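One structure is given below, encoded as structure tokens.
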Amino acid sequence: MEVKGKEVLVFGLGISGIGAGSLLEKRGAQVVLYDGNVNLDKEEIKKKLGAESSARIIAGPFPEELLGELDLVVLSPGVPTDLPVIEKMREAGIEIIGEIELAYLFGKGEILAITGTNGKTTTTSLLGEIAKNAFDSVFVVGNIGNPYTTVVDETRPDSVIVAEMSSFQLESIVTFRPRVSAILNLTPDHLNRHHTMEAYIQAKENITKNQTEEDFCILNYEDEVLRTFAETLRAQVIYFSSARKLDTGIYLEDGHIIYRGTDGTEETLCDVEELQLLGTHNYENVMAASAMAIAYGVPMDVIRDTVKAFKGVAHRIEFVAEKEGVAYYNDSKGTNPDAAIKAVQAMKRPTVLIGGGYDKQSDFSEWIQSFDGKVKRLVLLGATKEKIAAQAEACGFTDYVFADSFDEAVKKAASAAAPGDAVLLSPACASWDMFKSYEERGDKFKEIVNSL
């Protein structure tokens, strides 16, 4: 794509938008940076862009007179693609792409891309470690917190780019083609943005739309939607399963993770007791990352050594401390009910659970039913606390209390726990009603726990 001299609007000024703006300026585009937040700190944005930047910065209501000037619009992942102003851009014939598509057009190397409702960050981080142990030039980018656009100029033809892809990012791809893709699972999430489960699934499945017969797609055999979807793919499918032995693929059997090739040969990757990760969902993440690496030609001994050494990621069932016989776990990344179910299932002790937060229009019934006698008390806070309490009562779970602040929630949970118990922060909700991010929420939890 040639952008030199073109008028390009970057819509949304988080880290992805600033990365896109910088990349476009380096390629000679006339860049306009726009964000709907009228309180945007323009001076802070200018600092991030650097003194050499000549980009215009606009905040607040969108100036529609700009529509006649624009050649291209680059959407940041947080910008809904169905906004009325985006529709007007389409009607005006302006080309619209996402930040990931922009990076792909200018980057070099091959892509290994992961999506799914849950497990993306763990799988991406693990695959990134495997790739770093096998190749010279590796970048781990995307929804994991490192915008793809910020590393484009460092990529080489032999680079391997491991990318975590959200549904928001996948909505706006055009030519983006991973050499190996993976869809880990599909459960309801972000319905406040996508409106229907069908639209959410379609966004996730977009990861495969440009793949060919030379490429691979790793899918969870236990997800019925994905099994059906596999029949429509051009890419070669490799399944993983935590529930059954597969004719070909990677599966969990009697505590062993086993890979079975198309020629029927079997090789044991490891015993789950050798892993430093808790829970069946994490064994699935290990299988998905390993299958992607196998498909890309990484030797099994490199994969084996890496998965055994991998300690997991911050904010995902992260052990924080043991205080007076109570183990504290930070699962702030459990931002939807399905992720939070996995965290509860991973606990091996009676558990006091902290839940609640920003409302993404989720249903919490299945989460509450998963407590199954293990959760002894539920401490609720945030915008969803009354909604969760009502659904808990409907499910027959009444041992809950409310907290008015995050600090109070952690202290109430600590008071309710006895020696031999666990306190688990796994909110089943996003953090945006009280924090800027799940990372900030998890860091605050760790700070409070360490001060107890």
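In the structure tokens, the first chain shown is A, the next is B, and so on; residue numbers restart at 1 for each chain, and ligands run from 1 in the order shown.
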### Message
Taking the DSSP secondary structure from the backbone, can you list the residues of region 225-264 of chain A that are strand (DSSP E or B), as a list in words?
### Response
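The strand (DSSP E or B) subset of region 225-264 of chain A is Gln236, Val237, Ile238, Tyr239, Phe240, Ser241, Gly249, Ile250, Tyr251, Leu252, Glu253, His256, Ile257, Ile258, Tyr259 and Arg260 of chain A.
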Output file for the selection above: N, CA and C atoms, as a PDB file, in the first residue's frame:
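New file part.pdb:
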ATOM      1  N   GLN A 236      -5.326 -26.276   6.435  1.00  0.00           N
ATOM      2  CA  GLN A 236      -5.257 -27.614   7.036  1.00  0.00           C
ATOM      3  C   GLN A 236      -5.577 -27.499   8.531  1.00  0.00           C
ATOM      4  N   VAL A 237      -6.518 -28.299   9.005  1.00  0.00           N
ATOM      5  CA  VAL A 237      -6.978 -28.214  10.396  1.00  0.00           C
ATOM      6  C   VAL A 237      -6.229 -29.213  11.266  1.00  0.00           C
ATOM      7  N   ILE A 238      -5.752 -28.732  12.415  1.00  0.00           N
ATOM      8  CA  ILE A 238      -5.217 -29.605  13.462  1.00  0.00           C
ATOM      9  C   ILE A 238      -6.056 -29.345  14.714  1.00  0.00           C
ATOM     10  N   TYR A 239      -6.632 -30.395  15.248  1.00  0.00           N
ATOM     11  CA  TYR A 239      -7.460 -30.267  16.451  1.00  0.00           C
ATOM     12  C   TYR A 239      -6.633 -30.497  17.711  1.00  0.00           C
ATOM     13  N   PHE A 240      -7.128 -29.894  18.828  1.00  0.00           N
ATOM     14  CA  PHE A 240      -6.650 -30.294  20.152  1.00  0.00           C
ATOM     15  C   PHE A 240      -7.865 -30.634  21.007  1.00  0.00           C
ATOM     16  N   SER A 241      -7.672 -31.507  21.983  1.00  0.00           N
ATOM     17  CA  SER A 241      -8.780 -31.927  22.839  1.00  0.00           C
ATOM     18  C   SER A 241      -8.285 -32.293  24.227  1.00  0.00           C
ATOM     19  N   GLY A 249      -3.887 -35.139  15.751  1.00  0.00           N
ATOM     20  CA  GLY A 249      -3.959 -33.913  16.535  1.00  0.00           C
ATOM     21  C   GLY A 249      -3.250 -34.083  17.863  1.00  0.00           C
ATOM     22  N   ILE A 250      -3.557 -33.203  18.802  1.00  0.00           N
ATOM     23  CA  ILE A 250      -2.895 -33.206  20.110  1.00  0.00           C
ATOM     24  C   ILE A 250      -3.971 -33.306  21.193  1.00  0.00           C
ATOM     25  N   TYR A 251      -3.768 -34.187  22.146  1.00  0.00           N
ATOM     26  CA  TYR A 251      -4.842 -34.475  23.100  1.00  0.00           C
ATOM     27  C   TYR A 251      -4.267 -34.846  24.470  1.00  0.00           C
ATOM     28  N   LEU A 252      -5.170 -34.792  25.448  1.00  0.00           N
ATOM     29  CA  LEU A 252      -4.834 -35.122  26.833  1.00  0.00           C
ATOM     30  C   LEU A 252      -5.377 -36.514  27.148  1.00  0.00           C
ATOM     31  N   GLU A 253      -4.502 -37.388  27.615  1.00  0.00           N
ATOM     32  CA  GLU A 253      -4.926 -38.750  27.964  1.00  0.00           C
ATOM     33  C   GLU A 253      -4.168 -39.214  29.202  1.00  0.00           C
ATOM     34  N   HIS A 256      -1.273 -37.193  30.310  1.00  0.00           N
ATOM     35  CA  HIS A 256      -0.194 -36.979  29.336  1.00  0.00           C
ATOM     36  C   HIS A 256      -0.726 -36.161  28.159  1.00  0.00           C
ATOM     37  N   ILE A 257       0.071 -35.246  27.658  1.00  0.00           N
ATOM     38  CA  ILE A 257      -0.253 -34.527  26.428  1.00  0.00           C
ATOM     39  C   ILE A 257       0.473 -35.238  25.284  1.00  0.00           C
ATOM     40  N   ILE A 258      -0.325 -35.716  24.318  1.00  0.00           N
ATOM     41  CA  ILE A 258       0.201 -36.578  23.252  1.00  0.00           C
ATOM     42  C   ILE A 258      -0.129 -35.965  21.895  1.00  0.00           C
ATOM     43  N   TYR A 259       0.850 -35.972  20.998  1.00  0.00           N
ATOM     44  CA  TYR A 259       0.621 -35.530  19.618  1.00  0.00           C
ATOM     45  C   TYR A 259       0.599 -36.744  18.706  1.00  0.00           C
ATOM     46  N   ARG A 260      -0.439 -36.838  17.886  1.00  0.00           N
ATOM     47  CA  ARG A 260      -0.562 -37.941  16.924  1.00  0.00           C
ATOM     48  C   ARG A 260      -0.586 -37.372  15.517  1.00  0.00           C
TER      49      ARG A 260
END
I'd like the contact shell of Phe397 (chain A) - 12 Å cut-off, only C-alpha atoms, skipping same-chain residues fewer than 3 positions apart - returned as an mmCIF file with N, CA and C atoms, in the first residue's frame.
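So the final result, stored in around.cif, reads:
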data_model
loop_
_atom_site.group_PDB
_atom_site.id
_atom_site.type_symbol
_atom_site.label_atom_id
_atom_site.label_comp_id
_atom_site.auth_asym_id
_atom_site.auth_seq_id
_atom_site.Cartn_x
_atom_site.Cartn_y
_atom_site.Cartn_z
ATOM 1 N N SER A 365 -25.156 -17.049 35.299
ATOM 2 C CA SER A 365 -25.729 -18.260 35.902
ATOM 3 C C SER A 365 -24.774 -19.446 35.837
ATOM 4 N N TRP A 367 -21.558 -19.470 35.590
ATOM 5 C CA TRP A 367 -20.438 -19.208 36.501
ATOM 6 C C TRP A 367 -20.811 -19.601 37.926
ATOM 7 N N ILE A 368 -21.979 -19.147 38.364
ATOM 8 C CA ILE A 368 -22.426 -19.451 39.733
ATOM 9 C C ILE A 368 -22.633 -20.957 39.912
ATOM 10 N N GLN A 369 -23.202 -21.605 38.908
ATOM 11 C CA GLN A 369 -23.405 -23.058 39.001
ATOM 12 C C GLN A 369 -22.084 -23.819 39.071
ATOM 13 N N SER A 370 -21.014 -23.226 38.555
ATOM 14 C CA SER A 370 -19.707 -23.899 38.577
ATOM 15 C C SER A 370 -19.072 -23.903 39.966
ATOM 16 N N PHE A 371 -19.634 -23.122 40.903
ATOM 17 C CA PHE A 371 -19.051 -23.064 42.247
ATOM 18 C C PHE A 371 -19.056 -24.449 42.891
ATOM 19 N N ASP A 372 -20.154 -25.190 42.692
ATOM 20 C CA ASP A 372 -20.218 -26.626 43.019
ATOM 21 C C ASP A 372 -19.682 -26.951 44.401
ATOM 22 N N GLY A 373 -20.025 -26.142 45.405
ATOM 23 C CA GLY A 373 -19.582 -26.409 46.771
ATOM 24 C C GLY A 373 -18.183 -25.925 47.094
ATOM 25 N N LYS A 374 -17.432 -25.515 46.077
ATOM 26 C CA LYS A 374 -16.041 -25.084 46.311
ATOM 27 C C LYS A 374 -15.979 -23.644 46.805
ATOM 28 N N VAL A 375 -16.881 -22.779 46.282
ATOM 29 C CA VAL A 375 -16.888 -21.375 46.699
ATOM 30 C C VAL A 375 -17.697 -21.238 47.984
ATOM 31 N N LYS A 376 -17.017 -20.845 49.064
ATOM 32 C CA LYS A 376 -17.690 -20.748 50.366
ATOM 33 C C LYS A 376 -18.318 -19.368 50.574
ATOM 34 N N ARG A 377 -17.779 -18.356 49.909
ATOM 35 C CA ARG A 377 -18.385 -17.024 49.970
ATOM 36 C C ARG A 377 -18.023 -16.248 48.716
ATOM 37 N N LEU A 378 -18.968 -15.415 48.271
ATOM 38 C CA LEU A 378 -18.784 -14.572 47.103
ATOM 39 C C LEU A 378 -18.857 -13.113 47.559
ATOM 40 N N ILE A 388 -25.490 -9.797 39.645
ATOM 41 C CA ILE A 388 -24.915 -11.107 39.989
ATOM 42 C C ILE A 388 -25.615 -11.693 41.203
ATOM 43 N N ALA A 389 -25.907 -10.847 42.192
ATOM 44 C CA ALA A 389 -26.587 -11.335 43.401
ATOM 45 C C ALA A 389 -27.950 -11.936 43.062
ATOM 46 N N ALA A 390 -28.694 -11.264 42.179
ATOM 47 C CA ALA A 390 -30.015 -11.773 41.790
ATOM 48 C C ALA A 390 -29.884 -13.118 41.074
ATOM 49 N N GLN A 391 -28.885 -13.236 40.196
ATOM 50 C CA GLN A 391 -28.700 -14.508 39.488
ATOM 51 C C GLN A 391 -28.194 -15.586 40.431
ATOM 52 N N ALA A 392 -27.394 -15.203 41.441
ATOM 53 C CA ALA A 392 -26.921 -16.173 42.441
ATOM 54 C C ALA A 392 -28.101 -16.735 43.221
ATOM 55 N N GLU A 393 -28.995 -15.863 43.644
ATOM 56 C CA GLU A 393 -30.175 -16.322 44.400
ATOM 57 C C GLU A 393 -31.027 -17.250 43.543
ATOM 58 N N ALA A 394 -31.177 -16.901 42.268
ATOM 59 C CA ALA A 394 -31.967 -17.747 41.364
ATOM 60 C C ALA A 394 -31.336 -19.126 41.213
ATOM 61 N N TYR A 400 -23.349 -14.590 49.801
ATOM 62 C CA TYR A 400 -22.622 -13.494 49.174
ATOM 63 C C TYR A 400 -22.721 -12.241 50.044
ATOM 64 N N VAL A 401 -21.764 -11.339 49.877
ATOM 65 C CA VAL A 401 -21.793 -10.044 50.551
ATOM 66 C C VAL A 401 -21.392 -8.982 49.529
#
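CA of Leu126 (chain A) lies 18.2 Å from CA of Thr268 (chain A).
The residue that comes closest to Val74 (chain A), out of A:Gly36, A:Gly19, A:Glu267, A:Thr115 and on the basis of only C-alpha atoms, is A:Gly19.
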Region 408-417 of chain A surroundings by only C-alpha atoms, 9 Å radius, close-in-sequence under 6 positions cut, as a short mmCIF file (atom, residue, chain, number, x, y, z; two decimals) with N, CA and C atoms, in the first residue's frame:
data_model
loop_
_atom_site.label_atom_id
_atom_site.label_comp_id
_atom_site.auth_asym_id
_atom_site.auth_seq_id
_atom_site.Cartn_x
_atom_site.Cartn_y
_atom_site.Cartn_z
N VAL A 326 -3.68 -18.89 54.20
CA VAL A 326 -4.62 -18.61 53.10
C VAL A 326 -3.83 -18.26 51.84
N TYR A 328 -3.58 -16.67 48.13
CA TYR A 328 -4.23 -15.61 47.37
C TYR A 328 -3.84 -15.73 45.90
N PRO A 350 -11.03 -24.83 49.45
CA PRO A 350 -12.24 -24.02 49.61
C PRO A 350 -11.90 -22.56 49.30
N THR A 351 -12.79 -21.87 48.59
CA THR A 351 -12.42 -20.59 47.99
C THR A 351 -13.39 -19.47 48.35
N VAL A 352 -12.82 -18.33 48.74
CA VAL A 352 -13.57 -17.08 48.84
C VAL A 352 -13.30 -16.31 47.55
N LEU A 353 -14.37 -15.99 46.83
CA LEU A 353 -14.26 -15.46 45.48
C LEU A 353 -14.68 -13.99 45.44
N ILE A 354 -13.87 -13.16 44.78
CA ILE A 354 -14.21 -11.75 44.57
C ILE A 354 -14.65 -11.58 43.13
N LYS A 376 -17.02 -20.85 49.06
CA LYS A 376 -17.69 -20.75 50.37
C LYS A 376 -18.32 -19.37 50.57
N ARG A 377 -17.78 -18.36 49.91
CA ARG A 377 -18.39 -17.02 49.97
C ARG A 377 -18.02 -16.25 48.72
N LEU A 378 -18.97 -15.42 48.27
CA LEU A 378 -18.78 -14.57 47.10
C LEU A 378 -18.86 -13.11 47.56
N VAL A 379 -17.79 -12.38 47.32
CA VAL A 379 -17.75 -10.95 47.64
C VAL A 379 -17.96 -10.18 46.34
N LEU A 380 -19.03 -9.37 46.30
CA LEU A 380 -19.43 -8.70 45.06
C LEU A 380 -19.23 -7.20 45.14
N LEU A 381 -18.78 -6.62 44.03
CA LEU A 381 -18.59 -5.18 43.95
C LEU A 381 -18.82 -4.72 42.52
N VAL A 401 -21.76 -11.34 49.88
CA VAL A 401 -21.79 -10.04 50.55
C VAL A 401 -21.39 -8.98 49.53
N PHE A 402 -21.82 -7.75 49.77
CA PHE A 402 -21.46 -6.63 48.92
C PHE A 402 -20.29 -5.85 49.52
N VAL A 423 -8.22 -17.30 48.54
CA VAL A 423 -8.95 -16.11 48.12
C VAL A 423 -8.61 -15.88 46.66
N LEU A 424 -9.65 -15.83 45.83
CA LEU A 424 -9.46 -15.73 44.39
C LEU A 424 -10.14 -14.48 43.86
N LEU A 425 -9.37 -13.59 43.23
CA LEU A 425 -9.94 -12.50 42.45
C LEU A 425 -10.12 -13.02 41.02
N PHE A 445 -4.88 -5.51 43.57
CA PHE A 445 -5.14 -6.69 44.41
C PHE A 445 -3.85 -7.18 45.05
N ILE A 448 -2.71 -4.86 47.85
CA ILE A 448 -3.48 -5.00 49.08
C ILE A 448 -3.14 -6.30 49.80
N VAL A 449 -3.05 -7.39 49.03
CA VAL A 449 -2.72 -8.70 49.64
C VAL A 449 -1.36 -8.64 50.32
N LEU A 452 -1.41 -7.09 53.77
CA LEU A 452 -2.23 -7.69 54.85
C LEU A 452 -1.36 -8.17 56.00
#
### Task
Pick out the residues sitting within 10 Å of Leu13 (chain A), and hand them over as a list in words; count only C-alpha atoms, and ignore anything fewer than 4 positions along from it in its own chain.
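Returned residues: Gly17, Ile18, Gly19, Ala20, Gly21, Leu33, Tyr34, Asp35, Gly36, Asn37, Leu40, Ile45, Ile57, Ala59, Leu75, Ser76, Gly78 and Val79 of chain A.
Those residues that approach Leu186 (chain A) to within 9 Å, counting only C-alpha atoms, are Gly116, Thr117, Asn118, Tyr200, Ile201, Lys204, Asp223, Val225 and Leu226 of chain A; same-chain residues fewer than 6 positions away are not listed.
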Keeping all heavy atoms, export the residues of the selection given above as a short mmCIF file (atom, residue, chain, number, x, y, z; two decimals), in the first residue's frame.
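Saved as selection08.cif:
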data_model
loop_
_atom_site.label_atom_id
_atom_site.label_comp_id
_atom_site.auth_asym_id
_atom_site.auth_seq_id
_atom_site.Cartn_x
_atom_site.Cartn_y
_atom_site.Cartn_z
N GLY A 116 -9.85 -16.33 20.15
CA GLY A 116 -10.68 -17.15 21.01
C GLY A 116 -11.18 -16.29 22.15
O GLY A 116 -10.68 -15.20 22.40
N THR A 117 -12.19 -16.78 22.87
CA THR A 117 -12.72 -15.99 23.97
C THR A 117 -11.74 -15.96 25.14
O THR A 117 -11.45 -14.90 25.70
CB THR A 117 -14.08 -16.56 24.44
OG1 THR A 117 -14.95 -16.65 23.31
CG2 THR A 117 -14.71 -15.67 25.50
N ASN A 118 -11.22 -17.12 25.50
CA ASN A 118 -10.34 -17.22 26.66
C ASN A 118 -9.07 -18.00 26.32
O ASN A 118 -9.07 -18.87 25.46
CB ASN A 118 -11.07 -17.90 27.82
CG ASN A 118 -12.28 -17.11 28.26
OD1 ASN A 118 -12.18 -15.94 28.55
ND2 ASN A 118 -13.44 -17.77 28.30
N TYR A 200 -20.24 -11.95 16.86
CA TYR A 200 -19.00 -12.16 17.61
C TYR A 200 -18.22 -13.34 17.04
O TYR A 200 -17.01 -13.27 16.80
CB TYR A 200 -19.35 -12.40 19.09
CG TYR A 200 -18.19 -12.81 19.96
CD1 TYR A 200 -17.11 -11.96 20.18
CD2 TYR A 200 -18.20 -14.05 20.60
CE1 TYR A 200 -16.06 -12.33 21.00
CE2 TYR A 200 -17.16 -14.43 21.42
CZ TYR A 200 -16.09 -13.57 21.63
OH TYR A 200 -15.05 -13.95 22.43
N ILE A 201 -18.92 -14.45 16.78
CA ILE A 201 -18.28 -15.64 16.21
C ILE A 201 -17.70 -15.32 14.84
O ILE A 201 -16.57 -15.70 14.52
CB ILE A 201 -19.29 -16.81 16.12
CG1 ILE A 201 -19.63 -17.33 17.53
CG2 ILE A 201 -18.75 -17.94 15.24
CD1 ILE A 201 -20.78 -18.32 17.56
N LYS A 204 -14.41 -13.55 15.10
CA LYS A 204 -13.33 -14.46 15.48
C LYS A 204 -12.90 -15.33 14.30
O LYS A 204 -11.70 -15.53 14.06
CB LYS A 204 -13.79 -15.37 16.63
CG LYS A 204 -14.00 -14.67 17.97
CD LYS A 204 -12.68 -14.21 18.55
CE LYS A 204 -12.82 -13.80 20.00
NZ LYS A 204 -11.57 -13.19 20.52
N ASP A 223 -15.29 -27.78 20.91
CA ASP A 223 -16.19 -26.67 20.62
C ASP A 223 -16.99 -27.01 19.37
O ASP A 223 -16.44 -27.06 18.26
CB ASP A 223 -15.39 -25.38 20.43
CG ASP A 223 -16.28 -24.15 20.37
OD1 ASP A 223 -17.19 -24.11 19.52
OD2 ASP A 223 -16.04 -23.21 21.17
N VAL A 225 -19.18 -25.44 17.58
CA VAL A 225 -19.20 -24.42 16.53
C VAL A 225 -17.93 -24.51 15.69
O VAL A 225 -17.97 -24.42 14.46
CB VAL A 225 -19.34 -23.00 17.15
CG1 VAL A 225 -19.16 -21.93 16.09
CG2 VAL A 225 -20.70 -22.84 17.82
N LEU A 226 -16.79 -24.73 16.35
CA LEU A 226 -15.52 -24.80 15.63
C LEU A 226 -15.40 -26.08 14.80
O LEU A 226 -14.82 -26.05 13.71
CB LEU A 226 -14.35 -24.68 16.62
CG LEU A 226 -14.23 -23.32 17.31
CD1 LEU A 226 -13.08 -23.33 18.30
CD2 LEU A 226 -14.04 -22.20 16.28
#
### Task
Kindly give the distance, in Å, that separates CA of Glu440 (chain A) and CA of Thr335 (chain A), rounded to a single decimal.
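Between these atoms lies a distance of 13.0 Å.
Once Val162 (chain A) and its same-chain neighbours fewer than 5 positions away are set aside, Ile111, Leu112, Ala113, Ile114, Thr124, Leu127, Gly128, Val138, Phe139, Val140 and Val141 of chain A remain within 8 Å of it when counting only C-alpha atoms.
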Any chance you could export the current selection's all heavy atoms as an mmCIF file, in the first residue's frame?
data_model
loop_
_atom_site.group_PDB
_atom_site.id
_atom_site.type_symbol
_atom_site.label_atom_id
_atom_site.label_comp_id
_atom_site.auth_asym_id
_atom_site.auth_seq_id
_atom_site.Cartn_x
_atom_site.Cartn_y
_atom_site.Cartn_z
ATOM 1 N N ILE A 111 3.207 -14.761 10.075
ATOM 2 C CA ILE A 111 2.352 -14.540 11.245
ATOM 3 C C ILE A 111 1.859 -15.863 11.814
ATOM 4 O O ILE A 111 1.400 -16.734 11.072
ATOM 5 C CB ILE A 111 1.100 -13.721 10.866
ATOM 6 C CG1 ILE A 111 1.465 -12.545 9.989
ATOM 7 C CG2 ILE A 111 0.330 -13.318 12.110
ATOM 8 C CD1 ILE A 111 2.034 -11.367 10.645
ATOM 9 N N LEU A 112 1.921 -15.995 13.134
ATOM 10 C CA LEU A 112 1.246 -17.064 13.873
ATOM 11 C C LEU A 112 0.240 -16.345 14.771
ATOM 12 O O LEU A 112 0.636 -15.621 15.690
ATOM 13 C CB LEU A 112 2.236 -17.868 14.711
ATOM 14 C CG LEU A 112 3.514 -18.364 14.011
ATOM 15 C CD1 LEU A 112 4.396 -19.134 14.992
ATOM 16 C CD2 LEU A 112 3.177 -19.234 12.817
ATOM 17 N N ALA A 113 -1.063 -16.508 14.507
ATOM 18 C CA ALA A 113 -2.072 -15.669 15.154
ATOM 19 C C ALA A 113 -3.073 -16.484 15.959
ATOM 20 O O ALA A 113 -3.551 -17.520 15.491
ATOM 21 C CB ALA A 113 -2.802 -14.840 14.101
ATOM 22 N N ILE A 114 -3.394 -15.971 17.132
ATOM 23 C CA ILE A 114 -4.268 -16.680 18.078
ATOM 24 C C ILE A 114 -5.464 -15.818 18.424
ATOM 25 O O ILE A 114 -5.321 -14.633 18.738
ATOM 26 C CB ILE A 114 -3.496 -17.001 19.383
ATOM 27 C CG1 ILE A 114 -2.340 -17.958 19.094
ATOM 28 C CG2 ILE A 114 -4.418 -17.595 20.438
ATOM 29 C CD1 ILE A 114 -0.991 -17.375 19.347
ATOM 30 N N THR A 124 -0.560 -17.166 23.569
ATOM 31 C CA THR A 124 0.335 -16.293 22.816
ATOM 32 C C THR A 124 1.690 -16.171 23.504
ATOM 33 O O THR A 124 2.742 -16.243 22.850
ATOM 34 C CB THR A 124 -0.295 -14.895 22.644
ATOM 35 O OG1 THR A 124 -1.558 -15.034 21.985
ATOM 36 C CG2 THR A 124 0.595 -13.972 21.841
ATOM 37 N N LEU A 127 3.556 -19.519 23.080
ATOM 38 C CA LEU A 127 4.037 -19.689 21.712
ATOM 39 C C LEU A 127 5.179 -18.715 21.420
ATOM 40 O O LEU A 127 6.142 -19.063 20.720
ATOM 41 C CB LEU A 127 2.895 -19.483 20.721
ATOM 42 C CG LEU A 127 3.250 -19.708 19.242
ATOM 43 C CD1 LEU A 127 3.776 -21.121 18.996
ATOM 44 C CD2 LEU A 127 2.047 -19.418 18.342
ATOM 45 N N GLY A 128 5.096 -17.518 21.970
ATOM 46 C CA GLY A 128 6.185 -16.563 21.814
ATOM 47 C C GLY A 128 7.488 -17.087 22.387
ATOM 48 O O GLY A 128 8.558 -16.957 21.770
ATOM 49 N N VAL A 138 11.921 -12.739 16.507
ATOM 50 C CA VAL A 138 10.559 -13.056 16.960
ATOM 51 C C VAL A 138 9.951 -11.821 17.618
ATOM 52 O O VAL A 138 10.607 -11.148 18.430
ATOM 53 C CB VAL A 138 10.560 -14.231 17.964
ATOM 54 C CG1 VAL A 138 9.153 -14.474 18.516
ATOM 55 C CG2 VAL A 138 11.094 -15.491 17.305
ATOM 56 N N PHE A 139 8.695 -11.534 17.281
ATOM 57 C CA PHE A 139 7.958 -10.425 17.895
ATOM 58 C C PHE A 139 6.626 -10.951 18.403
ATOM 59 O O PHE A 139 5.925 -11.666 17.687
ATOM 60 C CB PHE A 139 7.732 -9.309 16.876
ATOM 61 C CG PHE A 139 9.010 -8.726 16.332
ATOM 62 C CD1 PHE A 139 9.597 -9.269 15.188
ATOM 63 C CD2 PHE A 139 9.639 -7.682 16.973
ATOM 64 C CE1 PHE A 139 10.778 -8.753 14.686
ATOM 65 C CE2 PHE A 139 10.835 -7.164 16.483
ATOM 66 C CZ PHE A 139 11.412 -7.693 15.340
ATOM 67 N N VAL A 140 6.266 -10.598 19.639
ATOM 68 C CA VAL A 140 4.982 -10.987 20.235
ATOM 69 C C VAL A 140 4.142 -9.717 20.326
ATOM 70 O O VAL A 140 4.508 -8.769 21.039
ATOM 71 C CB VAL A 140 5.182 -11.640 21.611
ATOM 72 C CG1 VAL A 140 3.843 -12.067 22.199
ATOM 73 C CG2 VAL A 140 6.115 -12.849 21.491
ATOM 74 N N VAL A 141 3.035 -9.673 19.585
ATOM 75 C CA VAL A 141 2.320 -8.415 19.377
ATOM 76 C C VAL A 141 0.814 -8.595 19.487
ATOM 77 O O VAL A 141 0.311 -9.710 19.644
ATOM 78 C CB VAL A 141 2.645 -7.830 17.978
ATOM 79 C CG1 VAL A 141 4.133 -7.617 17.801
ATOM 80 C CG2 VAL A 141 2.097 -8.721 16.854
#
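Counting from CA of Glu7 (chain A), the distance to CA of Glu91 (chain A) is 17.6 Å.
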### Query
Per DSSP on the backbone, what are the helix (DSSP H, G or I) residues of region 165-319 of chain A, as an MDAnalysis selection string?
chainID A and resid 167:170 191:194 197:208 224:230 272:274 280:295 300:309
Contact residues around Gly119 (chain A) with only C-alpha atoms at 10 Å, ignoring same-chain residues under 3 positions, as a PDB file with C-alpha atoms, in the first residue's frame:
ATOM      1  CA  ILE A 114      -4.268 -16.680  18.078  1.00  0.00           C
ATOM      2  CA  THR A 115      -7.850 -15.757  18.901  1.00  0.00           C
ATOM      3  CA  GLY A 116     -10.685 -17.153  21.014  1.00  0.00           C
ATOM      4  CA  THR A 122      -1.381 -17.494  27.906  1.00  0.00           C
ATOM      5  CA  THR A 123      -1.261 -19.282  24.539  1.00  0.00           C
ATOM      6  CA  THR A 124       0.335 -16.293  22.816  1.00  0.00           C
ATOM      7  CA  ILE A 183      -9.264 -20.346  17.534  1.00  0.00           C
ATOM      8  CA  LEU A 184      -9.185 -21.616  21.110  1.00  0.00           C
ATOM      9  CA  ASN A 185     -12.875 -21.488  22.085  1.00  0.00           C
ATOM     10  CA  HIS A 281      -7.955 -24.890  30.469  1.00  0.00           C
ATOM     11  CA  ASN A 282      -4.214 -24.277  30.744  1.00  0.00           C
ATOM     12  CA  GLU A 284      -5.621 -26.751  26.416  1.00  0.00           C
ATOM     13  CA  ASN A 285      -3.531 -23.587  26.022  1.00  0.00           C
ATOM     14  CA  VAL A 286      -0.346 -25.693  26.077  1.00  0.00           C
ATOM     15  CA  ALA A 288      -2.866 -25.145  21.201  1.00  0.00           C
ATOM     16  CA  ARG A 316      -4.189 -15.229  35.065  1.00  0.00           C
ATOM     17  CA  LYS A 333      -7.824 -11.309  33.516  1.00  0.00           C
ATOM     18  CA  GLY A 334     -10.960 -13.369  34.166  1.00  0.00           C
ATOM     19  CA  ALA A 339     -12.752 -17.367  31.989  1.00  0.00           C
ATOM     20  CA  LYS A 342     -11.843 -21.905  34.533  1.00  0.00           C
TER      21      LYS A 342
END
### Task
Tell me which of A:Glu324, A:Glu447, A:Asp331, A:Asp136 sits closest to Asp158 (chain A), counting only C-alpha atoms.
A:Asp136
